[in-house]
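Participant: Contents of coords.csv (CSV, C-alpha atoms) are below:
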chain,number,residue,atom,x,y,z
A,1324,MET,CA,16.6,17.5,29.1
A,1325,ARG,CA,13.8,19.1,31.1
A,1326,MET,CA,12.2,20.3,27.9
A,1327,LYS,CA,12.2,16.8,26.4
A,1328,THR,CA,10.6,15.4,29.6
A,1329,LEU,CA,7.9,18.1,29.6
A,1330,ALA,CA,7.3,17.6,25.9
A,1331,TRP,CA,6.8,13.8,26.4
A,1332,ALA,CA,4.6,14.4,29.4
A,1333,GLY,CA,2.5,16.7,27.2
A,1334,VAL,CA,2.2,14.2,24.4
A,1335,CYS,CA,1.3,11.4,26.9
A,1336,LEU,CA,-1.3,13.7,28.6
A,1337,TRP,CA,-2.8,14.6,25.2
A,1338,VAL,CA,-3.0,10.9,24.2
A,1339,VAL,CA,-4.8,10.0,27.4
A,1340,ALA,CA,-7.1,13.0,27.5
A,1341,ALA,CA,-7.8,13.4,23.7
A,1342,PRO,CA,-11.5,13.4,22.9
A,1343,GLY,CA,-13.0,10.9,20.5
A,1344,ARG,CA,-12.8,7.2,20.4
A,1345,VAL,CA,-10.4,4.8,18.8
A,1346,ALA,CA,-11.5,3.5,15.4
A,1347,ALA,CA,-11.6,-0.2,14.6
A,1348,HIS,CA,-9.0,0.3,11.8
A,1349,CYS,CA,-6.6,3.0,10.9
A,1350,GLU,CA,-7.1,5.4,8.0
A,1351,ILE,CA,-3.5,5.4,7.0
A,1352,PRO,CA,-2.3,3.1,4.2
A,1353,CYS,CA,-0.8,0.5,6.5
A,1354,GLY,CA,-1.6,-2.4,4.2
A,1355,ILE,CA,-2.8,-4.6,7.0
A,1356,TYR,CA,-6.4,-5.5,6.3
A,1357,GLY,CA,-8.7,-8.2,7.8
A,1358,ASP,CA,-11.4,-8.4,5.2
A,1359,GLU,CA,-12.7,-11.8,6.5
A,1360,LEU,CA,-12.7,-10.5,10.0
A,1361,ARG,CA,-14.8,-7.5,9.0
A,1362,PHE,CA,-17.4,-9.8,7.6
A,1363,GLU,CA,-17.4,-11.8,10.8
A,1364,MET,CA,-17.8,-8.5,12.7
A,1365,ILE,CA,-20.7,-7.6,10.5
A,1366,ASP,CA,-22.3,-11.0,11.3
A,1367,GLU,CA,-21.8,-10.4,15.0
A,1368,HIS,CA,-23.4,-6.9,14.8
A,1369,LEU,CA,-26.4,-8.3,12.9
A,1370,ALA,CA,-26.9,-11.0,15.5
A,1371,THR,CA,-26.7,-8.5,18.3
A,1372,ILE,CA,-29.1,-6.1,16.6
A,1373,GLN,CA,-31.6,-8.9,16.0
A,1374,LYS,CA,-31.3,-10.1,19.6
A,1375,GLY,CA,-31.9,-6.5,20.8
A,1376,MET,CA,-35.0,-6.3,18.7
A,1377,SER,CA,-36.4,-9.5,20.1
A,1378,GLN,CA,-35.6,-8.5,23.6
A,1379,ILE,CA,-37.2,-5.1,23.2
A,1380,LYS,CA,-40.4,-6.8,21.9
A,1381,MET,CA,-40.4,-9.4,24.6
A,1382,LEU,CA,-39.8,-6.9,27.4
A,1383,SER,CA,-42.4,-4.5,26.0
A,1384,ALA,CA,-45.1,-7.2,25.8
A,1385,SER,CA,-44.6,-8.0,29.5
A,1386,PRO,CA,-47.4,-6.8,31.8
A,1387,GLU,CA,-44.8,-5.5,34.2
A,1388,LYS,CA,-42.5,-3.6,31.9
A,1389,ASP,CA,-38.8,-3.3,32.9
A,1390,TYR,CA,-38.2,0.1,31.3
A,1391,ASN,CA,-34.6,0.1,32.4
A,1392,GLN,CA,-33.9,-3.1,30.4
A,1393,ILE,CA,-35.8,-1.9,27.4
A,1394,VAL,CA,-33.8,1.3,27.3
A,1395,ARG,CA,-30.5,-0.7,27.7
A,1396,TRP,CA,-31.5,-3.0,24.7
A,1397,VAL,CA,-32.4,0.0,22.6
A,1398,ALA,CA,-29.1,1.6,23.4
A,1399,ASN,CA,-27.2,-1.6,22.6
A,1400,LYS,CA,-29.1,-2.0,19.3
A,1401,GLU,CA,-28.2,1.6,18.4
A,1402,GLU,CA,-24.5,1.1,19.3
A,1403,HIS,CA,-24.2,-2.1,17.2
A,1404,ALA,CA,-25.9,-0.4,14.3
A,1405,ALA,CA,-23.5,2.5,14.5
A,1406,GLN,CA,-20.5,0.1,14.6
A,1407,LEU,CA,-21.9,-1.8,11.6
A,1408,ARG,CA,-22.2,1.5,9.7
A,1409,GLU,CA,-18.6,2.4,10.7
A,1410,ILE,CA,-17.3,-0.9,9.2
A,1411,LEU,CA,-19.1,-0.2,5.9
A,1412,VAL,CA,-18.1,3.4,5.6
A,1413,VAL,CA,-14.7,3.7,7.2
A,1414,TYR,CA,-13.3,0.3,6.3
A,1415,PHE,CA,-14.9,-0.6,3.0
A,1416,LEU,CA,-15.8,2.7,1.4
A,1417,ASP,CA,-12.9,4.7,2.7
A,1418,GLN,CA,-10.2,2.1,2.3
A,1419,ARG,CA,-11.0,-1.1,0.5
A,1420,ILE,CA,-13.4,-0.5,-2.4
A,1421,LYS,CA,-11.4,1.5,-5.0
A,1422,PRO,CA,-12.8,3.6,-7.8
A,1423,VAL,CA,-12.5,2.1,-11.3
A,1424,ALA,CA,-11.5,4.4,-14.1
A,1425,ASP,CA,-12.6,2.4,-17.1
A,1426,LYS,CA,-16.4,3.0,-17.0
A,1427,GLY,CA,-17.1,0.4,-19.6
A,1428,SER,CA,-15.3,-2.4,-17.8
A,1429,GLU,CA,-16.6,-5.4,-15.8
A,1430,ALA,CA,-14.7,-4.1,-12.8
A,1431,TYR,CA,-16.6,-0.8,-13.0
A,1432,LYS,CA,-19.9,-2.7,-13.0
A,1433,THR,CA,-18.8,-4.6,-9.9
A,1434,TYR,CA,-17.7,-1.3,-8.3
A,1435,LEU,CA,-21.1,0.2,-8.9
A,1436,ALA,CA,-22.8,-2.9,-7.6
A,1437,GLN,CA,-20.7,-2.8,-4.4
A,1438,LEU,CA,-21.6,0.8,-3.9
A,1439,GLU,CA,-25.3,0.2,-4.4
A,1440,THR,CA,-25.2,-2.8,-2.0
A,1441,ILE,CA,-23.4,-0.9,0.7
A,1442,HIS,CA,-25.8,2.0,0.2
A,1443,GLY,CA,-28.7,-0.4,0.6
A,1444,MET,CA,-27.1,-1.7,3.8
A,1445,LEU,CA,-26.7,1.8,5.2
A,1446,VAL,CA,-30.4,2.6,4.5
A,1447,THR,CA,-31.5,-0.6,6.1
A,1448,ILE,CA,-29.3,0.1,9.2
A,1449,VAL,CA,-31.3,3.3,9.7
A,1450,LYS,CA,-34.5,1.2,9.5
A,1451,CYS,CA,-33.1,-1.2,12.1
A,1452,LYS,CA,-32.4,1.8,14.4
A,1453,GLN,CA,-36.0,3.0,13.9
A,1454,THR,CA,-37.8,-0.2,14.5
A,1455,THR,CA,-37.9,-3.7,15.9
A,1456,ASP,CA,-38.8,-5.3,12.6
A,1457,GLU,CA,-36.5,-8.3,12.4
A,1458,SER,CA,-37.1,-8.6,8.7
A,1459,GLN,CA,-34.8,-5.6,8.3
A,1460,VAL,CA,-32.0,-7.7,9.8
A,1461,GLU,CA,-32.7,-10.5,7.4
A,1462,LYS,CA,-32.5,-7.9,4.5
A,1463,LEU,CA,-29.1,-6.8,5.9
A,1464,ARG,CA,-28.0,-10.4,5.9
A,1465,GLU,CA,-29.0,-10.9,2.3
A,1466,LEU,CA,-27.2,-7.7,1.3
A,1467,ARG,CA,-24.1,-8.8,3.3
A,1468,GLY,CA,-24.1,-12.0,1.4
A,1469,GLN,CA,-24.3,-10.1,-1.9
A,1470,LEU,CA,-21.4,-7.8,-0.8
A,1471,TYR,CA,-19.3,-10.8,0.3
A,1472,ALA,CA,-19.8,-12.6,-3.1
A,1473,MET,CA,-19.0,-9.4,-5.1
A,1474,TYR,CA,-16.0,-8.5,-2.9
A,1475,PHE,CA,-14.3,-11.9,-2.8
A,1476,GLY,CA,-15.8,-13.5,-5.9
A,1477,LYS,CA,-18.3,-16.4,-5.9
A,1478,ASP,CA,-15.6,-19.1,-5.7
A,1479,HIS,CA,-13.9,-17.7,-2.6
A,1480,GLU,CA,-13.5,-20.1,0.2
A,1481,LYS,CA,-13.8,-18.7,3.7
A,1482,HIS,CA,-10.7,-18.9,5.8
A,1483,THR,CA,-11.3,-21.1,8.9
A,1484,HIS,CA,-9.3,-20.7,12.1
Rewrite the coordinates I just gave you, this time as structure tokens.
Facilitator:
Amino acid sequence: MRMKTLAWAGVCLWVVAAPGRVAAHCEIPCGIYGDELRFEMIDEHLATIQKGMSQIKMLSASPEKDYNQIVRWVANKEEHAAQLREILVVYFLDQRIKPVADKGSEAYKTYLAQLETIHGMLVTIVKCKQTTDESQVEKLRELRGQLYAMYFGKDHEKHTH
């Protein structure tokens, strides 16, 4: 009995002290997916990145610069860009967008278009991290719209809560 208690204590300690962070979604085939939710999360990250850019520009233009706030907005923008990237890579590329074997099929063309769109988004995320050019966020919004249409189909009606 004492060994079981020690084993459970060890497992609990490992869970609490384990390095790393908890991912937004598991990487096991649980079958529980919130595709609409992920697109809503993308929208929220885009809004936050854009607000960060505008705040950084506004604070930087002030005669009395608040460097602490500027740094905080830069860090916030970076974090949301990283979370956006994680949704695209871990959720969509790793789990949801499946390879298509028939290279001559329409499904394969859609698959390639989805990959190209996500790659474009990833490249643009890097540009968002490097700059405060809000046109990069607009480009991400356009690409997000393209991915949404390809992923769900043009006639998909968004679920409302």
Participant: Can you work out which one of A:Ser1458, A:Ser1385, A:Asn1391, A:Thr1440 has the shortest atom-to-atom distance to A:Leu1369, counting only C-alpha atoms?
Facilitator: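 Distance minimum relative to A:Leu1369 lands on A:Ser1458.
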Participant: To one decimal place in Å, what is the distance between atom CA of A:Gln1418 and atom CA of A:Ala1436?
Facilitator: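 Separation of atom CA of A:Gln1418 and atom CA of A:Ala1436: 16.8 Å.
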Participant: Provide the atom CA of A:Leu1407 to atom CA of A:Leu1435 distance in Å, to one decimal place.
Facilitator: 20.6 Å
Participant: Please determine, counting all atoms listed in the file, which residue among A:Leu1411, A:Met1381, A:Ala1430, A:Val1394 has the shortest atom-to-atom distance to A:Gly1476.
Facilitator: A:Ala1430
Participant: Can I get the residues of stretch 1396-1431 of chain A within 7 Å of stretch 1374-1379 of chain A, each with the closest pair of atoms and their distance in Å to one decimal, using all atoms listed in the file, sorted chain first then ascending number, as JSON lines?
Facilitator:
{"residue": "A:Trp1396", "atom": "CA", "partner": "A:Gly1375", "partner_atom": "CA", "distance": 5.3}
{"residue": "A:Val1397", "atom": "CA", "partner": "A:Gly1375", "partner_atom": "CA", "distance": 6.8}
{"residue": "A:Lys1400", "atom": "CA", "partner": "A:Gly1375", "partner_atom": "CA", "distance": 5.5}
